[in-house]
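*Asks:* Here you go, this is entry.cif (mmCIF, C-alpha atoms).
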data_start
#
loop_
_atom_site.label_atom_id
_atom_site.label_comp_id
_atom_site.auth_asym_id
_atom_site.auth_seq_id
_atom_site.Cartn_x
_atom_site.Cartn_y
_atom_site.Cartn_z
CA MET F 15 102.68 101.14 105.84
CA ALA F 16 104.99 103.36 103.77
CA GLY F 17 106.22 106.42 105.62
CA GLU F 18 105.65 104.85 109.02
CA PRO F 19 108.52 103.66 111.26
CA GLN F 20 109.33 99.99 110.79
CA ALA F 21 110.08 97.89 113.88
CA ASP F 22 112.82 95.92 112.08
CA CYS F 23 114.56 98.92 110.46
CA LEU F 24 117.99 99.89 111.79
CA PHE F 25 117.63 103.53 110.70
CA CYS F 26 114.13 103.87 112.17
CA LYS F 27 115.63 102.65 115.48
CA ILE F 28 118.44 105.23 115.20
CA VAL F 29 115.92 108.02 114.59
CA ALA F 30 113.88 106.80 117.57
CA GLY F 31 117.00 106.81 119.76
CA THR F 32 116.90 103.11 120.61
CA ILE F 33 120.20 102.50 118.78
CA PRO F 34 122.97 105.02 119.38
CA ALA F 35 124.63 107.00 116.62
CA THR F 36 127.00 109.93 116.36
CA VAL F 37 124.47 112.58 115.39
CA VAL F 38 125.65 115.36 113.09
CA ALA F 39 122.38 117.23 112.54
CA GLU F 40 118.63 116.95 112.92
CA THR F 41 115.76 118.79 111.30
CA GLU F 42 112.02 118.28 111.43
CA THR F 43 112.23 115.96 108.39
CA THR F 44 115.84 114.66 108.38
CA PHE F 45 118.38 113.00 110.63
CA ALA F 46 122.12 112.86 109.91
CA PHE F 47 124.80 110.75 111.58
CA ARG F 48 128.32 109.47 110.94
CA ASP F 49 128.68 106.16 109.12
CA ILE F 50 130.14 103.43 111.35
CA ASN F 51 132.24 102.16 108.42
CA PRO F 52 133.43 105.40 106.81
CA GLN F 53 134.65 105.30 103.22
CA ALA F 54 136.10 108.83 103.35
CA PRO F 55 137.28 111.23 106.07
CA THR F 56 133.78 112.71 106.00
CA HIS F 57 131.08 110.07 105.63
CA VAL F 58 127.69 111.15 106.93
CA LEU F 59 124.37 109.44 106.31
CA VAL F 60 121.45 111.81 105.79
CA ILE F 61 118.10 110.08 106.12
CA PRO F 62 114.47 111.11 106.10
CA ARG F 63 112.68 110.62 109.39
CA VAL F 64 109.91 108.87 107.44
CA HIS F 65 110.52 105.32 106.26
CA TYR F 66 110.68 104.52 102.56
CA PRO F 67 112.83 101.68 101.27
CA ASP F 68 114.82 103.72 98.76
CA ALA F 69 115.32 107.17 97.26
CA ALA F 70 112.96 106.58 94.33
CA SER F 71 110.03 105.59 96.55
CA LEU F 72 110.74 108.54 98.86
CA ALA F 73 110.84 110.98 95.94
CA ALA F 74 107.61 109.58 94.47
CA ALA F 75 105.69 109.72 97.75
CA GLU F 76 107.22 112.77 99.43
CA PRO F 77 109.26 114.89 97.01
CA ALA F 78 109.61 117.75 99.51
CA VAL F 79 111.25 115.41 102.02
CA ALA F 80 113.57 114.05 99.32
CA ALA F 81 114.58 117.65 98.60
CA ASP F 82 115.14 118.21 102.33
CA VAL F 83 117.60 115.28 102.39
CA LEU F 84 119.60 116.84 99.55
CA ARG F 85 119.44 120.32 101.04
CA GLU F 86 120.63 119.05 104.41
CA ALA F 87 123.49 117.10 102.80
CA GLY F 88 124.68 120.34 101.19
CA ARG F 89 124.42 122.24 104.45
CA ILE F 90 126.38 119.54 106.29
CA ALA F 91 129.04 119.59 103.54
CA ALA F 92 129.49 123.30 104.27
CA ASP F 93 129.60 122.68 108.03
CA GLU F 94 132.20 119.93 107.53
CA LYS F 95 134.19 122.31 105.29
CA ILE F 96 134.27 119.93 102.33
CA ASP F 97 132.11 122.06 100.05
CA GLY F 98 135.05 124.02 98.67
CA HIS F 99 136.97 120.90 97.61
CA GLY F 100 134.09 118.83 96.33
CA TYR F 101 131.97 116.09 97.77
CA ARG F 102 129.70 113.31 96.62
CA ILE F 103 126.11 112.47 97.53
CA VAL F 104 125.26 108.83 96.81
CA PHE F 105 121.93 106.99 96.99
CA ASN F 106 122.38 103.23 96.62
CA THR F 107 119.15 101.59 95.45
CA GLY F 108 118.81 97.83 95.74
CA ALA F 109 121.12 95.12 96.99
CA GLY F 110 122.91 94.94 93.62
CA ALA F 111 123.96 98.58 94.08
CA GLY F 112 125.23 98.00 97.61
CA GLN F 113 122.17 99.06 99.61
CA THR F 114 122.22 97.15 102.90
CA VAL F 115 119.70 99.13 104.93
CA PHE F 116 116.39 99.51 103.14
CA HIS F 117 115.50 102.94 104.49
CA ALA F 118 116.21 105.72 101.99
CA HIS F 119 119.50 107.44 102.79
CA ALA F 120 122.13 109.62 101.22
CA HIS F 121 125.83 109.04 101.78
CA LEU F 122 127.68 112.36 102.00
CA LEU F 123 131.34 111.65 101.19
CA GLY F 124 134.28 114.03 101.11
CA GLY F 125 137.63 114.98 102.50
CA ARG F 126 139.66 112.99 99.96
CA GLY F 127 139.86 112.61 96.21
CA LEU F 128 136.84 110.75 94.88
CA GLN F 129 137.64 108.85 91.70
CA TRP F 130 135.26 108.27 88.84
CA PRO F 131 133.83 105.88 88.10
CA PRO F 132 133.18 104.80 91.68
CA GLY F 133 133.45 101.18 92.47
#
Can you give me the file's structure in the form of structure tokens?
*Replies:*
Amino acid sequence: MAGEPQADCLFCKIVAGTIPATVVAETETTFAFRDINPQAPTHVLVIPRVHYPDAASLAAAEPAVAADVLREAGRIAADEKIDGHGYRIVFNTGAGAGQTVFHAHAHLLGGRGLQWPPG
């Protein structure tokens, strides 16, 4: 059922503590940890504790939690001291966009120049 932890979801297992991660921050609704394959000096994944397959389904079902993910990404950017130089928050949606874990998550990227368009 949407919103409930999924037994086969990598990120649900990280939130549950059954798979280790380098935790950056936790709130009642979010969980943030360092990406194991960083694409920038700062690369943190900010996820909702509830399971939805992508950002759009999260926002439709629980807009307050989607806002919490964005708010927490901004707070972590400040903690990581990348807010003054600029950072990027990316939600990949679907395999064609590079989503490999189908649990909504934001990539917080910074600490280097980020070109546009990405690719």
*Asks:* Applying the PyMOL selection byres ((chain F and resi 57) around 12) to the file I just gave you, which residues come out? Please list them as a VMD selection string.
*Replies:* chain F and resid 36 38 46 to 56 58 to 60 87 90 to 91 94 96 101 to 104 120 to 126
*Asks:* Evaluate the PyMOL selection byres ((chain F and resi 107) around 9) and record the selected residues as a PyMOL selection string, following the chain and residue labels used in the document.
*Replies:* chain F and resi 67-70+105-106+108-113+116+118
*Asks:* Next, write the just-selected residues to a file, as a PDB file, in the coordinates of the input, keeping C-alpha atoms as the atom set.
*Replies:*
ATOM      1  CA  PRO F  67     112.830 101.680 101.270  1.00  0.00           C
ATOM      2  CA  ASP F  68     114.820 103.720  98.760  1.00  0.00           C
ATOM      3  CA  ALA F  69     115.320 107.170  97.260  1.00  0.00           C
ATOM      4  CA  ALA F  70     112.960 106.580  94.330  1.00  0.00           C
ATOM      5  CA  PHE F 105     121.930 106.990  96.990  1.00  0.00           C
ATOM      6  CA  ASN F 106     122.380 103.230  96.620  1.00  0.00           C
ATOM      7  CA  GLY F 108     118.810  97.830  95.740  1.00  0.00           C
ATOM      8  CA  ALA F 109     121.120  95.120  96.990  1.00  0.00           C
ATOM      9  CA  GLY F 110     122.910  94.940  93.620  1.00  0.00           C
ATOM     10  CA  ALA F 111     123.960  98.580  94.080  1.00  0.00           C
ATOM     11  CA  GLY F 112     125.230  98.000  97.610  1.00  0.00           C
ATOM     12  CA  GLN F 113     122.170  99.060  99.610  1.00  0.00           C
ATOM     13  CA  PHE F 116     116.390  99.510 103.140  1.00  0.00           C
ATOM     14  CA  ALA F 118     116.210 105.720 101.990  1.00  0.00           C
TER      15      ALA F 118
END
*Asks:* Do you know which residues the PyMOL selection byres ((chain F and resi 22) around 12) returns on this file, as a list in words?
*Replies:*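 That expression, the PyMOL selection byres ((chain F and resi 22) around 12), corresponds here to Glu18, Pro19, Gln20, Ala21, Cys23, Leu24, Phe25, Cys26, Lys27, Ile28, Thr32, Ile33, His65, Val115, Phe116 and His117 of chain F.
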*Asks:* Could you please determine the separation between atom CA of Ile61 of chain F and atom CA of Thr44 of chain F in Å, to one decimal place?
*Replies:*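 Answer for the atom CA of Ile61 of chain F to atom CA of Thr44 of chain F separation: 5.6 Å.
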*Asks:* For Thr43 of chain F, which residue out of F:Pro132, F:Gly31, F:Gly17, F:Pro62 is the nearest one, using all atoms listed in the file?
*Replies:*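 Ranked by minimum distance to Thr43 of chain F, first place goes to F:Pro62.
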*Asks:* For segment 96-123 of chain F in the structure I just supplied, write out N, CA, C and O atoms - as an mmCIF file, in the first residue's frame.
*Replies:*
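Result went into part39.cif, see below:
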data_model
loop_
_atom_site.group_PDB
_atom_site.id
_atom_site.type_symbol
_atom_site.label_atom_id
_atom_site.label_comp_id
_atom_site.auth_asym_id
_atom_site.auth_seq_id
_atom_site.Cartn_x
_atom_site.Cartn_y
_atom_site.Cartn_z
ATOM 1 N N ILE F 96 27.164 24.907 1.456
ATOM 2 C CA ILE F 96 27.118 25.058 0.001
ATOM 3 C C ILE F 96 26.037 26.050 -0.424
ATOM 4 O O ILE F 96 25.920 26.368 -1.602
ATOM 5 N N ASP F 97 25.280 26.551 0.536
ATOM 6 C CA ASP F 97 24.170 27.440 0.200
ATOM 7 C C ASP F 97 24.636 28.780 -0.357
ATOM 8 O O ASP F 97 23.960 29.373 -1.185
ATOM 9 N N GLY F 98 25.794 29.244 0.035
ATOM 10 C CA GLY F 98 26.285 30.525 -0.454
ATOM 11 C C GLY F 98 26.829 30.470 -1.869
ATOM 12 O O GLY F 98 26.924 31.493 -2.547
ATOM 13 N N HIS F 99 27.189 29.287 -2.343
ATOM 14 C CA HIS F 99 27.782 29.130 -3.679
ATOM 15 C C HIS F 99 26.804 28.559 -4.687
ATOM 16 O O HIS F 99 27.087 28.557 -5.873
ATOM 17 N N GLY F 100 25.714 28.050 -4.209
ATOM 18 C CA GLY F 100 24.714 27.444 -5.079
ATOM 19 C C GLY F 100 24.733 25.928 -4.984
ATOM 20 O O GLY F 100 25.773 25.321 -4.746
ATOM 21 N N TYR F 101 23.572 25.375 -5.135
ATOM 22 C CA TYR F 101 23.415 23.924 -5.081
ATOM 23 C C TYR F 101 22.223 23.543 -5.941
ATOM 24 O O TYR F 101 21.450 24.388 -6.392
ATOM 25 N N ARG F 102 22.086 22.269 -6.173
ATOM 26 C CA ARG F 102 20.996 21.758 -6.994
ATOM 27 C C ARG F 102 20.241 20.695 -6.214
ATOM 28 O O ARG F 102 20.839 19.875 -5.519
ATOM 29 N N ILE F 103 18.918 20.715 -6.364
ATOM 30 C CA ILE F 103 18.056 19.659 -5.825
ATOM 31 C C ILE F 103 17.409 18.987 -7.035
ATOM 32 O O ILE F 103 16.752 19.655 -7.835
ATOM 33 N N VAL F 104 17.616 17.686 -7.170
ATOM 34 C CA VAL F 104 17.145 16.943 -8.334
ATOM 35 C C VAL F 104 16.249 15.795 -7.889
ATOM 36 O O VAL F 104 16.616 15.028 -6.992
ATOM 37 N N PHE F 105 15.086 15.684 -8.535
ATOM 38 C CA PHE F 105 14.208 14.519 -8.388
ATOM 39 C C PHE F 105 14.169 13.828 -9.744
ATOM 40 O O PHE F 105 13.627 14.384 -10.701
ATOM 41 N N ASN F 106 14.745 12.642 -9.857
ATOM 42 C CA ASN F 106 14.631 11.851 -11.077
ATOM 43 C C ASN F 106 13.326 11.060 -10.982
ATOM 44 O O ASN F 106 13.043 10.453 -9.948
ATOM 45 N N THR F 107 12.552 11.062 -12.050
ATOM 46 C CA THR F 107 11.271 10.357 -12.043
ATOM 47 C C THR F 107 11.214 9.429 -13.241
ATOM 48 O O THR F 107 11.153 9.889 -14.384
ATOM 49 N N GLY F 108 11.271 8.145 -12.968
ATOM 50 C CA GLY F 108 11.218 7.126 -14.010
ATOM 51 C C GLY F 108 12.601 6.686 -14.459
ATOM 52 O O GLY F 108 13.580 7.434 -14.366
ATOM 53 N N ALA F 109 12.667 5.466 -14.944
ATOM 54 C CA ALA F 109 13.940 4.886 -15.377
ATOM 55 C C ALA F 109 14.585 5.702 -16.484
ATOM 56 O O ALA F 109 15.807 5.858 -16.515
ATOM 57 N N GLY F 110 13.784 6.273 -17.391
ATOM 58 C CA GLY F 110 14.322 7.065 -18.486
ATOM 59 C C GLY F 110 14.999 8.337 -18.022
ATOM 60 O O GLY F 110 15.816 8.907 -18.745
ATOM 61 N N ALA F 111 14.698 8.771 -16.796
ATOM 62 C CA ALA F 111 15.321 9.974 -16.226
ATOM 63 C C ALA F 111 16.452 9.612 -15.275
ATOM 64 O O ALA F 111 17.031 10.488 -14.639
ATOM 65 N N GLY F 112 16.756 8.329 -15.163
ATOM 66 C CA GLY F 112 17.858 7.901 -14.307
ATOM 67 C C GLY F 112 17.456 7.436 -12.925
ATOM 68 O O GLY F 112 18.320 7.150 -12.101
ATOM 69 N N GLN F 113 16.155 7.338 -12.642
ATOM 70 C CA GLN F 113 15.745 6.847 -11.320
ATOM 71 C C GLN F 113 16.024 5.358 -11.243
ATOM 72 O O GLN F 113 15.594 4.594 -12.104
ATOM 73 N N THR F 114 16.779 4.954 -10.219
ATOM 74 C CA THR F 114 17.116 3.535 -10.051
ATOM 75 C C THR F 114 16.505 2.942 -8.793
ATOM 76 O O THR F 114 16.367 1.733 -8.693
ATOM 77 N N VAL F 115 16.162 3.785 -7.831
ATOM 78 C CA VAL F 115 15.470 3.332 -6.623
ATOM 79 C C VAL F 115 14.107 4.008 -6.639
ATOM 80 O O VAL F 115 14.017 5.238 -6.620
ATOM 81 N N PHE F 116 13.055 3.209 -6.653
ATOM 82 C CA PHE F 116 11.716 3.753 -6.811
ATOM 83 C C PHE F 116 11.060 4.020 -5.452
ATOM 84 O O PHE F 116 10.026 3.456 -5.103
ATOM 85 N N HIS F 117 11.735 4.899 -4.728
ATOM 86 C CA HIS F 117 11.271 5.505 -3.475
ATOM 87 C C HIS F 117 11.620 6.974 -3.667
ATOM 88 O O HIS F 117 12.779 7.301 -3.943
ATOM 89 N N ALA F 118 10.627 7.853 -3.583
ATOM 90 C CA ALA F 118 10.870 9.273 -3.844
ATOM 91 C C ALA F 118 12.107 9.745 -3.093
ATOM 92 O O ALA F 118 12.302 9.394 -1.927
ATOM 93 N N HIS F 119 12.946 10.517 -3.778
ATOM 94 C CA HIS F 119 14.144 11.051 -3.130
ATOM 95 C C HIS F 119 14.686 12.237 -3.895
ATOM 96 O O HIS F 119 14.571 12.316 -5.114
ATOM 97 N N ALA F 120 15.249 13.148 -3.126
ATOM 98 C CA ALA F 120 15.887 14.330 -3.703
ATOM 99 C C ALA F 120 17.393 14.163 -3.591
ATOM 100 O O ALA F 120 17.905 13.769 -2.544
ATOM 101 N N HIS F 121 18.085 14.465 -4.679
ATOM 102 C CA HIS F 121 19.539 14.525 -4.668
ATOM 103 C C HIS F 121 19.916 15.972 -4.372
ATOM 104 O O HIS F 121 19.536 16.873 -5.130
ATOM 105 N N LEU F 122 20.653 16.204 -3.311
ATOM 106 C CA LEU F 122 21.205 17.525 -3.002
ATOM 107 C C LEU F 122 22.656 17.499 -3.458
ATOM 108 O O LEU F 122 23.455 16.700 -2.959
ATOM 109 N N LEU F 123 22.978 18.340 -4.440
ATOM 110 C CA LEU F 123 24.309 18.357 -5.052
ATOM 111 C C LEU F 123 24.930 19.735 -4.923
ATOM 112 O O LEU F 123 24.258 20.747 -5.166
#
